[in-house]
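> This one is target.cif, mmCIF, C-alpha atoms.
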data_query
loop_
_atom_site.label_atom_id
_atom_site.label_comp_id
_atom_site.auth_asym_id
_atom_site.auth_seq_id
_atom_site.Cartn_x
_atom_site.Cartn_y
_atom_site.Cartn_z
CA MET A 16 0.00 0.00 0.00
CA ARG A 17 2.84 2.37 0.95
CA THR A 18 4.55 1.63 -2.37
CA ARG A 19 1.36 2.33 -4.27
CA LEU A 20 0.82 5.65 -2.44
CA LEU A 21 4.39 6.72 -3.21
CA PHE A 22 3.85 5.87 -6.86
CA LEU A 23 0.63 7.90 -7.01
CA PHE A 24 2.31 10.86 -5.29
CA SER A 25 5.28 10.74 -7.65
CA SER A 26 3.01 10.56 -10.69
CA ALA A 27 0.98 13.55 -9.51
CA ALA A 28 4.14 15.56 -8.79
CA LEU A 29 5.49 14.74 -12.24
CA ALA A 30 2.23 15.86 -13.86
CA ILE A 31 2.32 19.15 -11.95
CA ALA A 32 5.95 19.70 -12.89
CA LEU A 33 5.22 19.02 -16.55
CA SER A 34 2.23 21.35 -16.55
CA GLY A 35 4.41 24.06 -15.00
CA CYS A 36 7.00 23.60 -17.72
CA ALA A 37 4.31 23.86 -20.35
CA GLY A 38 3.12 27.09 -18.81
CA THR A 39 6.56 28.66 -18.97
CA ALA A 40 7.54 27.34 -22.40
CA ALA A 41 8.61 29.96 -24.93
CA ALA A 42 5.82 31.12 -27.17
CA PRO A 43 6.11 30.03 -30.79
CA SER A 44 7.71 32.52 -33.14
CA GLN A 45 5.34 34.84 -34.98
CA ARG A 46 5.51 36.17 -38.49
CA GLN A 47 7.29 39.51 -38.88
CA LEU A 48 7.37 41.21 -42.25
CA MET A 49 10.27 42.96 -43.92
CA LEU A 50 10.10 44.77 -47.26
CA VAL A 51 13.07 44.73 -49.65
CA ALA A 52 13.19 46.89 -52.79
CA ASN A 53 15.54 45.66 -55.53
CA ASP A 54 16.97 48.09 -58.11
CA GLU A 55 18.12 46.39 -61.33
CA LYS A 56 18.91 49.59 -63.25
CA GLN A 57 22.08 50.87 -61.59
CA SER A 58 25.53 49.36 -61.11
CA TRP A 59 29.18 50.52 -61.01
CA ASN A 60 32.13 49.51 -63.15
CA ASP A 61 35.70 48.95 -61.91
CA ALA A 62 36.38 52.68 -62.25
CA GLY A 63 33.47 53.46 -59.90
CA VAL A 64 31.40 54.98 -62.73
CA VAL A 65 27.62 54.48 -62.66
CA GLN A 66 26.25 52.14 -65.34
CA LEU A 67 22.56 52.38 -66.22
CA ALA A 68 20.41 49.52 -67.53
CA PRO A 69 16.93 49.83 -69.08
CA GLN A 70 13.87 50.23 -66.87
CA GLY A 71 11.49 47.38 -66.10
CA ARG A 72 13.26 44.69 -64.04
CA ASP A 73 12.99 46.11 -60.50
CA SER A 74 11.09 44.30 -57.78
CA VAL A 75 9.81 44.53 -54.21
CA GLN A 76 9.97 41.42 -52.03
CA VAL A 77 7.89 40.73 -48.93
CA ILE A 78 9.86 38.54 -46.52
CA ASP A 79 8.98 36.88 -43.21
CA ILE A 80 11.88 37.19 -40.73
CA GLY A 81 9.88 36.27 -37.62
CA THR A 82 8.88 32.63 -37.99
CA ASP A 83 12.51 31.51 -38.26
CA PRO A 84 14.94 34.44 -37.77
CA LEU A 85 17.87 32.49 -39.24
CA ALA A 86 15.94 31.30 -42.28
CA PRO A 87 13.84 34.16 -43.74
CA ARG A 88 11.04 33.18 -46.08
CA SER A 89 9.85 35.10 -49.15
CA LEU A 90 6.08 35.60 -49.20
CA GLY A 91 5.83 37.29 -52.59
CA THR A 92 7.57 39.46 -55.16
CA LEU A 93 5.98 42.41 -56.95
CA ALA A 94 7.32 43.92 -60.19
CA LEU A 95 7.60 47.56 -59.07
CA ASP A 96 10.08 50.28 -60.06
CA ASN A 97 12.57 51.29 -57.42
CA THR A 98 15.95 53.03 -57.16
CA ILE A 99 19.07 52.96 -55.04
CA ALA A 100 19.44 56.75 -55.33
CA GLY A 101 18.74 58.16 -51.87
CA PRO A 102 18.79 56.65 -48.39
CA PRO A 103 17.52 53.05 -48.12
CA THR A 104 14.26 54.24 -46.51
CA ASN A 105 11.92 54.86 -49.45
CA LEU A 106 9.46 52.24 -48.15
CA ALA A 107 7.59 51.54 -44.93
CA ILE A 108 5.19 49.06 -43.33
CA THR A 109 2.36 49.96 -40.96
CA ALA A 110 2.59 48.70 -37.37
CA ASP A 111 -0.24 46.21 -38.00
CA GLU A 112 1.59 44.87 -41.10
CA ARG A 113 -1.49 45.29 -43.30
CA LEU A 114 -0.21 48.03 -45.63
CA ALA A 115 3.07 49.12 -47.18
CA LEU A 116 4.20 52.20 -49.12
CA VAL A 117 7.06 52.24 -51.65
CA ALA A 118 8.32 55.39 -53.39
CA ASN A 119 10.15 55.39 -56.71
CA SER A 120 12.68 58.21 -56.93
CA LEU A 121 14.20 57.99 -60.42
CA ASN A 122 13.49 56.44 -63.80
CA VAL A 123 15.96 55.64 -66.56
CA VAL A 124 15.23 57.14 -69.98
CA GLU A 125 17.21 56.73 -73.18
CA GLU A 126 17.75 59.55 -75.69
CA ASN A 127 19.99 59.23 -78.76
CA GLY A 128 21.47 56.06 -77.35
CA VAL A 129 22.38 57.67 -74.01
CA ARG A 130 20.68 56.65 -70.77
CA ARG A 131 20.07 59.07 -67.94
CA GLN A 132 18.00 59.25 -64.78
CA VAL A 133 15.00 61.56 -64.38
CA PRO A 134 12.81 62.16 -61.30
CA ASP A 135 9.64 60.10 -60.86
CA ASN A 136 6.63 61.04 -58.70
CA ARG A 137 4.97 57.71 -57.88
CA LEU A 138 4.16 56.11 -54.54
CA PHE A 139 2.97 52.49 -54.60
CA VAL A 140 0.42 51.16 -52.07
CA ILE A 141 0.71 47.44 -51.27
CA ASP A 142 -1.88 45.25 -49.54
CA LEU A 143 0.18 43.04 -47.24
CA ALA A 144 -2.88 41.17 -45.93
CA ALA A 145 -3.48 39.67 -49.37
CA SER A 146 -1.89 36.33 -50.21
CA PRO A 147 0.31 36.94 -52.04
CA PRO A 148 0.72 40.67 -51.30
CA LYS A 149 -0.52 42.88 -54.14
CA LEU A 150 -0.39 46.43 -55.49
CA ILE A 151 -3.70 48.19 -54.85
CA ASP A 152 -3.00 51.82 -55.73
CA THR A 153 -0.46 54.29 -57.12
CA ILE A 154 -0.37 57.83 -55.69
CA VAL A 155 1.22 60.87 -57.36
CA VAL A 156 3.37 62.83 -54.89
CA GLY A 157 6.26 65.28 -55.39
CA LYS A 158 9.25 64.87 -57.70
CA GLN A 159 11.88 62.32 -56.68
CA PRO A 160 10.14 60.89 -53.61
CA SER A 161 12.76 59.45 -51.30
CA GLY A 162 12.76 58.51 -47.61
CA LEU A 163 9.33 58.18 -46.06
CA ALA A 164 7.64 57.37 -42.76
CA ILE A 165 4.30 56.17 -41.38
CA ASN A 166 3.15 57.22 -37.90
CA ARG A 167 2.63 54.56 -35.24
CA ALA A 168 -1.15 54.94 -35.40
CA GLY A 169 -1.04 54.06 -39.11
CA THR A 170 -3.11 57.12 -40.03
CA LEU A 171 -0.55 59.48 -41.57
CA ALA A 172 2.48 59.19 -43.84
CA LEU A 173 5.18 61.65 -44.86
CA VAL A 174 7.33 61.48 -48.00
CA ALA A 175 10.50 63.53 -48.62
CA ASN A 176 10.54 64.83 -52.21
CA ARG A 177 14.17 65.60 -53.06
CA ALA A 178 13.65 67.36 -56.41
CA ASP A 179 10.64 69.37 -55.17
CA ASN A 180 12.15 70.56 -51.86
CA SER A 181 9.01 69.42 -50.11
CA VAL A 182 7.34 66.84 -47.88
CA SER A 183 4.10 65.18 -48.99
CA VAL A 184 1.46 64.49 -46.32
CA LEU A 185 -0.80 61.48 -46.86
CA ARG A 186 -3.87 60.31 -44.98
CA ILE A 187 -4.19 56.55 -44.41
CA ALA A 188 -7.73 55.26 -43.80
CA GLY A 189 -7.76 51.48 -43.93
CA GLN A 190 -6.39 50.68 -47.37
CA LYS A 191 -7.16 54.11 -48.79
CA VAL A 192 -4.17 56.45 -49.07
CA THR A 193 -4.79 60.09 -50.05
CA LEU A 194 -2.44 63.02 -50.62
CA ILE A 195 -3.81 65.82 -48.42
CA ASP A 196 -1.03 68.42 -48.24
CA THR A 197 2.47 69.41 -49.31
CA VAL A 198 4.88 71.18 -46.96
CA ALA A 199 7.50 73.43 -48.59
CA MET A 200 10.95 72.88 -47.04
CA GLY A 201 12.98 75.46 -48.99
CA GLU A 202 15.77 72.92 -49.58
CA SER A 203 16.10 69.34 -50.77
CA VAL A 204 15.14 66.72 -48.17
CA SER A 205 16.24 63.08 -48.36
CA HIS A 206 14.32 61.44 -45.50
CA VAL A 207 11.66 62.19 -42.92
CA ARG A 208 10.85 60.36 -39.66
CA PHE A 209 8.00 60.64 -37.14
CA THR A 210 8.73 60.67 -33.42
CA PRO A 211 7.02 57.77 -31.58
CA ASP A 212 4.21 59.97 -30.23
CA GLY A 213 3.44 61.23 -33.75
CA ARG A 214 3.54 64.89 -32.68
CA ARG A 215 6.75 65.78 -34.43
CA ALA A 216 8.83 64.71 -37.42
CA LEU A 217 12.43 65.24 -38.47
CA ALA A 218 13.47 65.87 -42.07
CA ALA A 219 17.04 65.46 -43.33
CA LYS A 220 18.15 68.49 -45.38
CA PHE A 221 20.84 66.50 -47.10
CA PRO A 222 22.74 69.10 -49.21
CA ASN A 223 22.71 71.75 -46.47
CA HIS A 224 23.77 69.58 -43.52
CA LYS A 225 20.68 70.24 -41.39
CA ILE A 226 17.81 68.43 -39.71
CA ALA A 227 14.50 70.29 -39.90
CA LEU A 228 11.85 69.96 -37.19
CA LEU A 229 8.21 69.55 -38.25
CA ASP A 230 5.20 69.92 -35.97
CA VAL A 231 2.28 67.51 -36.37
CA VAL A 232 -1.17 68.34 -34.99
CA GLY A 233 -3.77 65.85 -36.18
CA GLU A 234 -3.35 65.84 -39.96
CA LYS A 235 -1.72 69.26 -40.07
CA VAL A 236 2.05 69.21 -40.61
CA SER A 237 3.93 72.50 -40.40
CA TYR A 238 7.53 73.64 -40.68
CA GLY A 239 8.46 76.49 -38.33
CA LYS A 240 11.89 77.03 -39.93
CA VAL A 241 13.70 75.39 -37.00
CA ASP A 242 16.83 73.56 -38.23
CA LEU A 243 19.57 71.73 -36.37
CA ALA A 244 23.18 71.58 -37.55
CA ALA A 245 24.04 67.91 -38.09
CA GLY A 246 27.25 66.50 -39.56
CA LEU A 247 28.14 66.72 -43.24
CA TRP A 248 25.47 65.41 -45.64
CA PRO A 249 22.92 63.90 -43.20
CA TYR A 250 21.19 61.31 -45.37
CA ASN A 251 19.19 59.34 -42.87
CA VAL A 252 17.53 59.91 -39.50
CA ASP A 253 15.96 57.62 -36.89
CA VAL A 254 14.49 58.04 -33.40
CA THR A 255 14.74 55.98 -30.21
CA PRO A 256 11.57 54.19 -28.97
CA ASP A 257 11.26 56.54 -25.98
CA GLY A 258 11.42 59.59 -28.25
CA ARG A 259 14.28 61.15 -26.26
CA LEU A 260 16.97 60.97 -28.95
CA ALA A 261 17.29 61.14 -32.71
CA LEU A 262 20.31 59.90 -34.65
CA THR A 263 21.47 60.95 -38.11
CA ALA A 264 23.74 59.16 -40.58
CA ASP A 265 26.07 61.91 -41.78
CA ASN A 266 27.24 60.47 -45.09
CA GLY A 267 30.08 62.96 -45.54
CA ASN A 268 30.31 63.02 -49.34
CA ALA A 269 26.93 63.52 -51.02
CA GLY A 270 25.99 59.84 -50.92
CA ALA A 271 29.38 58.23 -51.51
CA SER A 272 32.59 57.25 -49.75
CA ASP A 273 35.69 59.44 -49.90
CA GLY A 274 38.13 57.77 -47.54
CA GLN A 275 37.48 60.11 -44.62
CA VAL A 276 35.73 59.26 -41.37
CA ASP A 277 32.14 60.36 -40.92
CA THR A 278 29.75 60.62 -38.02
CA VAL A 279 26.40 59.88 -36.47
CA SER A 280 24.93 63.02 -34.88
CA VAL A 281 23.01 62.68 -31.61
CA ILE A 282 20.01 64.98 -31.15
CA ASP A 283 18.41 65.61 -27.75
CA LEU A 284 14.69 65.86 -28.52
CA GLU A 285 13.78 66.65 -24.89
CA ALA A 286 15.89 69.79 -24.79
CA VAL A 287 14.13 73.11 -25.33
CA PRO A 288 14.83 73.75 -28.09
CA PRO A 289 16.05 70.36 -29.37
CA ARG A 290 19.76 70.36 -30.24
CA VAL A 291 22.71 68.25 -31.37
CA ILE A 292 24.56 67.12 -28.23
CA ASP A 293 27.19 64.78 -29.65
CA LYS A 294 28.75 63.30 -32.77
CA VAL A 295 30.06 59.73 -32.87
CA VAL A 296 32.72 58.80 -35.44
CA VAL A 297 31.64 55.60 -37.21
CA GLY A 298 33.60 55.26 -40.49
CA ASP A 299 33.61 56.17 -44.17
CA GLY A 300 30.17 56.72 -45.64
CA PRO A 301 27.35 55.83 -43.19
CA GLU A 302 24.10 55.49 -45.11
CA GLY A 303 21.86 52.84 -43.60
CA LEU A 304 20.75 53.59 -40.04
CA ALA A 305 18.45 51.76 -37.63
CA VAL A 306 17.57 51.95 -33.94
CA SER A 307 16.73 48.71 -32.16
CA PRO A 308 13.20 48.26 -30.74
CA THR A 309 14.90 47.76 -27.36
CA GLY A 310 16.26 51.30 -27.49
CA LYS A 311 19.64 50.06 -26.27
CA MET A 312 21.42 49.84 -29.62
CA ALA A 313 21.53 51.48 -33.02
CA VAL A 314 23.57 50.58 -36.08
CA ALA A 315 25.22 52.61 -38.80
CA VAL A 316 25.76 50.85 -42.12
CA ILE A 317 29.11 51.87 -43.62
CA LEU A 318 29.78 51.90 -47.39
CA ARG A 319 33.61 51.71 -46.96
CA GLY A 320 34.16 52.58 -50.62
CA SER A 321 32.67 49.26 -51.75
CA ASN A 322 31.19 50.80 -54.93
CA SER A 323 34.16 53.10 -55.57
CA ALA A 324 36.93 52.75 -58.12
CA LYS A 325 38.93 49.63 -57.39
CA ASN A 326 42.17 51.61 -57.54
CA ALA A 327 40.95 54.18 -54.99
CA TYR A 328 42.98 54.15 -51.78
CA PHE A 329 39.76 53.83 -49.75
CA TYR A 330 38.22 50.99 -51.80
CA ASN A 331 37.13 47.89 -49.87
CA ARG A 332 35.41 44.86 -51.35
CA ASN A 333 32.91 44.83 -48.50
CA GLY A 334 31.08 47.33 -46.35
CA SER A 335 30.43 47.00 -42.63
CA VAL A 336 28.01 47.63 -39.78
CA VAL A 337 28.96 49.59 -36.65
CA ALA A 338 27.12 49.02 -33.37
CA LEU A 339 26.17 52.05 -31.30
CA LYS A 340 25.39 51.56 -27.61
CA ILE A 341 22.62 53.81 -26.27
CA ASP A 342 22.67 54.48 -22.53
CA GLY A 343 20.25 57.26 -21.66
CA LYS A 344 21.46 60.15 -23.78
CA LYS A 345 24.99 58.83 -24.17
CA VAL A 346 25.78 57.08 -27.46
CA THR A 347 29.10 55.26 -27.83
CA ARG A 348 30.69 53.32 -30.66
CA GLY A 349 30.69 49.54 -30.26
CA ASN A 350 32.14 46.82 -32.44
CA GLU A 351 32.19 46.68 -36.25
CA VAL A 352 31.22 43.68 -38.38
CA VAL A 353 32.21 43.41 -42.03
CA VAL A 354 29.30 42.31 -44.24
CA ARG A 355 29.35 42.25 -48.07
CA GLY A 356 29.41 44.61 -51.04
CA LEU A 357 27.66 47.99 -50.78
CA PRO A 358 25.43 47.41 -47.74
CA GLU A 359 22.39 49.68 -47.69
CA GLY A 360 19.33 48.96 -45.56
CA ALA A 361 19.26 47.53 -42.03
CA VAL A 362 16.30 46.02 -40.16
CA PHE A 363 16.13 44.76 -36.56
CA SER A 364 13.87 41.88 -35.60
CA ALA A 365 10.93 42.94 -33.43
CA ASP A 366 12.65 41.61 -30.28
CA GLY A 367 15.97 43.26 -31.16
CA LYS A 368 17.86 39.96 -31.18
CA TYR A 369 18.75 39.91 -34.88
CA LEU A 370 19.82 42.41 -37.51
CA TYR A 371 19.33 42.02 -41.27
CA VAL A 372 21.59 43.98 -43.65
CA GLY A 373 21.01 44.20 -47.41
CA ASN A 374 24.12 43.90 -49.59
CA PHE A 375 23.41 45.56 -52.94
CA ILE A 376 26.33 44.18 -54.95
CA ASP A 377 25.99 40.62 -53.68
CA GLN A 378 22.17 40.46 -53.92
CA ASP A 379 21.74 39.04 -50.44
CA ILE A 380 21.05 39.78 -46.78
CA SER A 381 23.61 39.25 -44.01
CA ILE A 382 22.09 37.98 -40.76
CA LEU A 383 23.74 39.28 -37.58
CA ARG A 384 22.92 38.45 -33.97
CA VAL A 385 22.79 40.95 -31.12
CA ASP A 386 24.68 39.74 -28.05
CA GLY A 387 24.28 42.39 -25.38
CA ASP A 388 26.06 45.47 -26.75
CA THR A 389 27.81 43.49 -29.48
CA LEU A 390 26.99 42.49 -33.04
CA VAL A 391 27.91 38.92 -34.02
CA ASP A 392 28.02 37.54 -37.56
CA THR A 393 25.93 34.36 -37.66
CA GLY A 394 27.58 33.34 -40.93
CA LYS A 395 24.13 32.99 -42.48
CA SER A 396 22.72 34.95 -45.40
CA PHE A 397 19.58 35.02 -47.51
CA GLY A 398 19.63 35.36 -51.30
CA LEU A 399 17.32 37.87 -52.99
CA ALA A 400 15.59 38.29 -56.35
CA GLY A 401 17.75 41.32 -57.15
CA HIS A 402 19.99 44.03 -55.72
CA PRO A 403 18.60 45.33 -52.39
CA ALA A 404 18.46 49.12 -52.56
CA ALA A 405 16.23 49.62 -49.51
CA MET A 406 14.82 47.65 -46.58
CA ARG A 407 12.33 48.36 -43.82
CA GLY A 408 10.62 46.23 -41.22
CA ARG A 409 7.30 46.84 -39.55
CA LEU A 410 7.08 49.99 -37.48
CA THR A 411 7.93 49.22 -33.85
CA HIS A 412 8.38 52.75 -32.51
#
Have the structure of the file written as structure tokens, please.

Amino acid sequence: MRTRLLFLFSSAALAIALSGCAGTAAAPSQRQLMLVANDEKQSWNDAGVVQLAPQGRDSVQVIDIGTDPLAPRSLGTLALDNTIAGPPTNLAITADERLALVANSLNVVEENGVRRQVPDNRLFVIDLAASPPKLIDTIVVGKQPSGLAINRAGTLALVANRADNSVSVLRIAGQKVTLIDTVAMGESVSHVRFTPDGRRALAAKFPNHKIALLDVVGEKVSYGKVDLAAGLWPYNVDVTPDGRLALTADNGNAGASDGQVDTVSVIDLEAVPPRVIDKVVVGDGPEGLAVSPTGKMAVAVILRGSNSAKNAYFYNRNGSVVALKIDGKKVTRGNEVVVRGLPEGAVFSADGKYLYVGNFIDQDISILRVDGDTLVDTGKSFGLAGHPAAMRGRLTH
């Protein structure tokens, strides 16, 4: 009898233990979307000179990086024009992953046997809830639409129009996207980014080395002529999840490497008025820029002369990614990981544990792991349908 009671007690204890384990088991991974725009029109020869191919072979891929972070899965490819000219931020996904916007900056035209690029004015609207994802509308915005942003509520979008010196304001209502206003900026702007609360936006005045502050009240966006002095040629701008800091990728040479070190500017958004409080040296030609959803790290993607003339003293076969540790309002340079040729866009996983970097020349994505304050190369990559000019994940902040 005693033996039987011990057996029953042990069995019950085992069942309780197993049920406890089941209750604390890690939740299964969930789908997380990433958009990759591939430009098949532009390349560089050994002398670093741009080569233009005919229009019509570009694409936009929708990729799931959440289900298996080390083995991304393509969910669909759309034949849509796109360009590498500009920061790798000319596309965005709403926080609910139901809608995406993609801007096309430049088209290639041929006259008397000579190809050249001319500004476009189209913004593509993609239904991500469809299977496979599909184009549902095309909106006319300003000339040479470049970096763009969607607010966290998914109700408003901003597009930086480089050739028009303006920012387009678009209302998002479900799947309906409507141009409702245009804000004159007085100078060319390459990218624009909402703050997490949606009450402000920052626009990169690329040729004049400034960051403009925009006020957002409901659907009204206004520019009060307040500019901040960033580093040379600020191409890209991002904001921390708590809205306290903004970071800019100061390219240094009008969108190209030149062998000299460049910076990431740190902007204190809580100061009155907001101001640049630091500059962090990162390397030659930062272009891609992303802040982790954790708010503890950012990355600057460094060109390192990887599309420059092969005889240039600053030429490197591969670009790199530099980690930036964020501690309150202090940003410090971390380690650097070499990726592949001409890295452009960078996307963090929603939990901040992985980083995906698009390598334009090699037509693939490098997968890095975040280990505390350090980036680690997993040695894994994901091949693409073309040359990745831009990448964005779903909006997390």
> What does the structure give for the distance between atom CA of A:Gly334 and atom CA of A:Val133, in Å to one decimal?
28.0 Å
> Using only C-alpha atoms, which residue out of A:Val385, A:Val287, A:Val346, A:Val252 lies closest to A:Gly303?
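Closest residue, counting only C-alpha atoms: A:Val252.
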> Apply the PyMOL selection byres ((chain A and resi 104) around 7) to the displayed file and report the matching residues as a list in words.
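So the PyMOL selection byres ((chain A and resi 104) around 7), applied here, picks out Pro102, Pro103, Asn105, Leu106, Gly162, Leu163, Ala405, Met406 and Arg407 of chain A.
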> Produce a file of the selected residues containing C-alpha atoms, as a PDB file, in the coordinates of the input.

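In the end it all went to result.pdb:
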ATOM      1  CA  PRO A 102      18.790  56.650 -48.390  1.00  0.00           C
ATOM      2  CA  PRO A 103      17.520  53.050 -48.120  1.00  0.00           C
ATOM      3  CA  ASN A 105      11.920  54.860 -49.450  1.00  0.00           C
ATOM      4  CA  LEU A 106       9.460  52.240 -48.150  1.00  0.00           C
ATOM      5  CA  GLY A 162      12.760  58.510 -47.610  1.00  0.00           C
ATOM      6  CA  LEU A 163       9.330  58.180 -46.060  1.00  0.00           C
ATOM      7  CA  ALA A 405      16.230  49.620 -49.510  1.00  0.00           C
ATOM      8  CA  MET A 406      14.820  47.650 -46.580  1.00  0.00           C
ATOM      9  CA  ARG A 407      12.330  48.360 -43.820  1.00  0.00           C
TER      10      ARG A 407
END
> Spell out the residues picked by the PyMOL selection byres ((chain A and resi 112) around 12) here, as a PyMOL selection string.
chain A and resi 46-50+77-79+107-111+113-116+141-145+148+165+167-169+189-190+407-411
> I'd like the interatomic distance between atom CA of A:Lys149 and atom CA of A:Val372, to a tenth of an Å.
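About the pair atom CA of A:Lys149 and atom CA of A:Val372: they are 24.5 Å apart.
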> Could you state which residues are captured by the PyMOL selection byres ((chain A and resi 90-95) around 9) in this file, as a list of chain:residue names?
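Selection result, ordered by chain and number: A:Ala52, A:Asn53, A:Gly71, A:Arg72, A:Asp73, A:Ser74, A:Val75, A:Gln76, A:Val77, A:Ile78, A:Asp79, A:Arg88, A:Ser89, A:Asp96, A:Asn97, A:Val117, A:Asn119, A:Phe139, A:Ser146, A:Pro147, A:Pro148, A:Lys149, A:Leu150, A:Ala400.
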> Kindly save the residues from that selection, with C-alpha atoms included, as a PDB file, in the frame of the given file.

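And here is the file that came out, out12.pdb:
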ATOM      1  CA  ALA A  52      13.190  46.890 -52.790  1.00  0.00           C
ATOM      2  CA  ASN A  53      15.540  45.660 -55.530  1.00  0.00           C
ATOM      3  CA  GLY A  71      11.490  47.380 -66.100  1.00  0.00           C
ATOM      4  CA  ARG A  72      13.260  44.690 -64.040  1.00  0.00           C
ATOM      5  CA  ASP A  73      12.990  46.110 -60.500  1.00  0.00           C
ATOM      6  CA  SER A  74      11.090  44.300 -57.780  1.00  0.00           C
ATOM      7  CA  VAL A  75       9.810  44.530 -54.210  1.00  0.00           C
ATOM      8  CA  GLN A  76       9.970  41.420 -52.030  1.00  0.00           C
ATOM      9  CA  VAL A  77       7.890  40.730 -48.930  1.00  0.00           C
ATOM     10  CA  ILE A  78       9.860  38.540 -46.520  1.00  0.00           C
ATOM     11  CA  ASP A  79       8.980  36.880 -43.210  1.00  0.00           C
ATOM     12  CA  ARG A  88      11.040  33.180 -46.080  1.00  0.00           C
ATOM     13  CA  SER A  89       9.850  35.100 -49.150  1.00  0.00           C
ATOM     14  CA  ASP A  96      10.080  50.280 -60.060  1.00  0.00           C
ATOM     15  CA  ASN A  97      12.570  51.290 -57.420  1.00  0.00           C
ATOM     16  CA  VAL A 117       7.060  52.240 -51.650  1.00  0.00           C
ATOM     17  CA  ASN A 119      10.150  55.390 -56.710  1.00  0.00           C
ATOM     18  CA  PHE A 139       2.970  52.490 -54.600  1.00  0.00           C
ATOM     19  CA  SER A 146      -1.890  36.330 -50.210  1.00  0.00           C
ATOM     20  CA  PRO A 147       0.310  36.940 -52.040  1.00  0.00           C
ATOM     21  CA  PRO A 148       0.720  40.670 -51.300  1.00  0.00           C
ATOM     22  CA  LYS A 149      -0.520  42.880 -54.140  1.00  0.00           C
ATOM     23  CA  LEU A 150      -0.390  46.430 -55.490  1.00  0.00           C
ATOM     24  CA  ALA A 400      15.590  38.290 -56.350  1.00  0.00           C
TER      25      ALA A 400
END
> Neighbours of A:Ala264 within 6 Å (all atoms listed in the file; same-chain residues fewer than 6 positions away dropped), as a list of chain:residue names?
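My reading of the contact set: A:Pro249, A:Tyr250, A:Asn251, A:Val279, A:Pro301, A:Glu302.
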> Name the residues, using the chain letters and numbers of the file, that sit within 8 Å of (14.0, 57.9, -55.3) when counting all atoms listed in the file, and give them as an MDAnalysis selection string.
chainID A and resid 97:101 105 118:121 134:135 159:162
> Between atom CA of A:Asn122 and atom CA of A:Gly246, measure the distance and give it in Å to one decimal.
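Pair atom CA of A:Asn122 / atom CA of A:Gly246 returns 29.6 Å.
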> Using all atoms listed in the file, which of the listed residues (A:Gln45, A:Ser272, A:Ser307, A:Gln57) sits closest to A:Pro403?
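That would be A:Gln57, the residue with the smallest distance to A:Pro403.
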> Which of these residues is nearest to A:Lys240, using all atoms listed in the file: A:Gly213, A:Pro256, A:Pro69, A:Gly201?
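Closest to A:Lys240 of all the choices is A:Gly201.
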> Which residues come within 7 Å of A:Thr389, counting all atoms listed in the file, excluding same-chain residues fewer than 5 positions away, as a list in words?
Ala338, Gly349 and Asn350 of chain A
> Between A:Phe397, A:Lys294, A:Ser58, A:Ser205, single out the one closest to A:Leu357, counting all atoms listed in the file.
A:Ser58
> Could you give me the centre and size, in Å to one decimal, of an axis-aligned box around all listed atoms of stretch 233-238 of chain A with 5 Å added on every side, as AutoDock Vina command-line options?

--center_x 1.9 --center_y 69.7 --center_z -38.4 --size_x 21.3 --size_y 17.8 --size_z 14.5
> So, with only C-alpha atoms as the atoms that count, which of A:Val182, A:Val232, A:Ala271, A:Leu173 lies closest to A:Gly320?
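Closest candidate: A:Ala271.
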> Just checking: using all atoms listed in the file, which residue out of A:Asn322, A:Asn136, A:Asn180, A:Ser237 ends up closest to A:Asp273?
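Checking each of A:Asn322, A:Asn136, A:Asn180, A:Ser237 against A:Asp273, counting all atoms listed in the file, the winner is A:Asn322.
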> Please return, as a list in words, all polymer residues that have at least one atom within 12 Å of the point (30.8, 34.6, -37.5); use only C-alpha atoms and the file's own coordinate frame.
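Neighbouring residues, ordered by chain and number, come to Val352, Val353, Val354, Ser381, Ile382, Leu383, Arg384, Leu390, Val391, Asp392, Thr393, Gly394, Lys395 and Ser396 of chain A.
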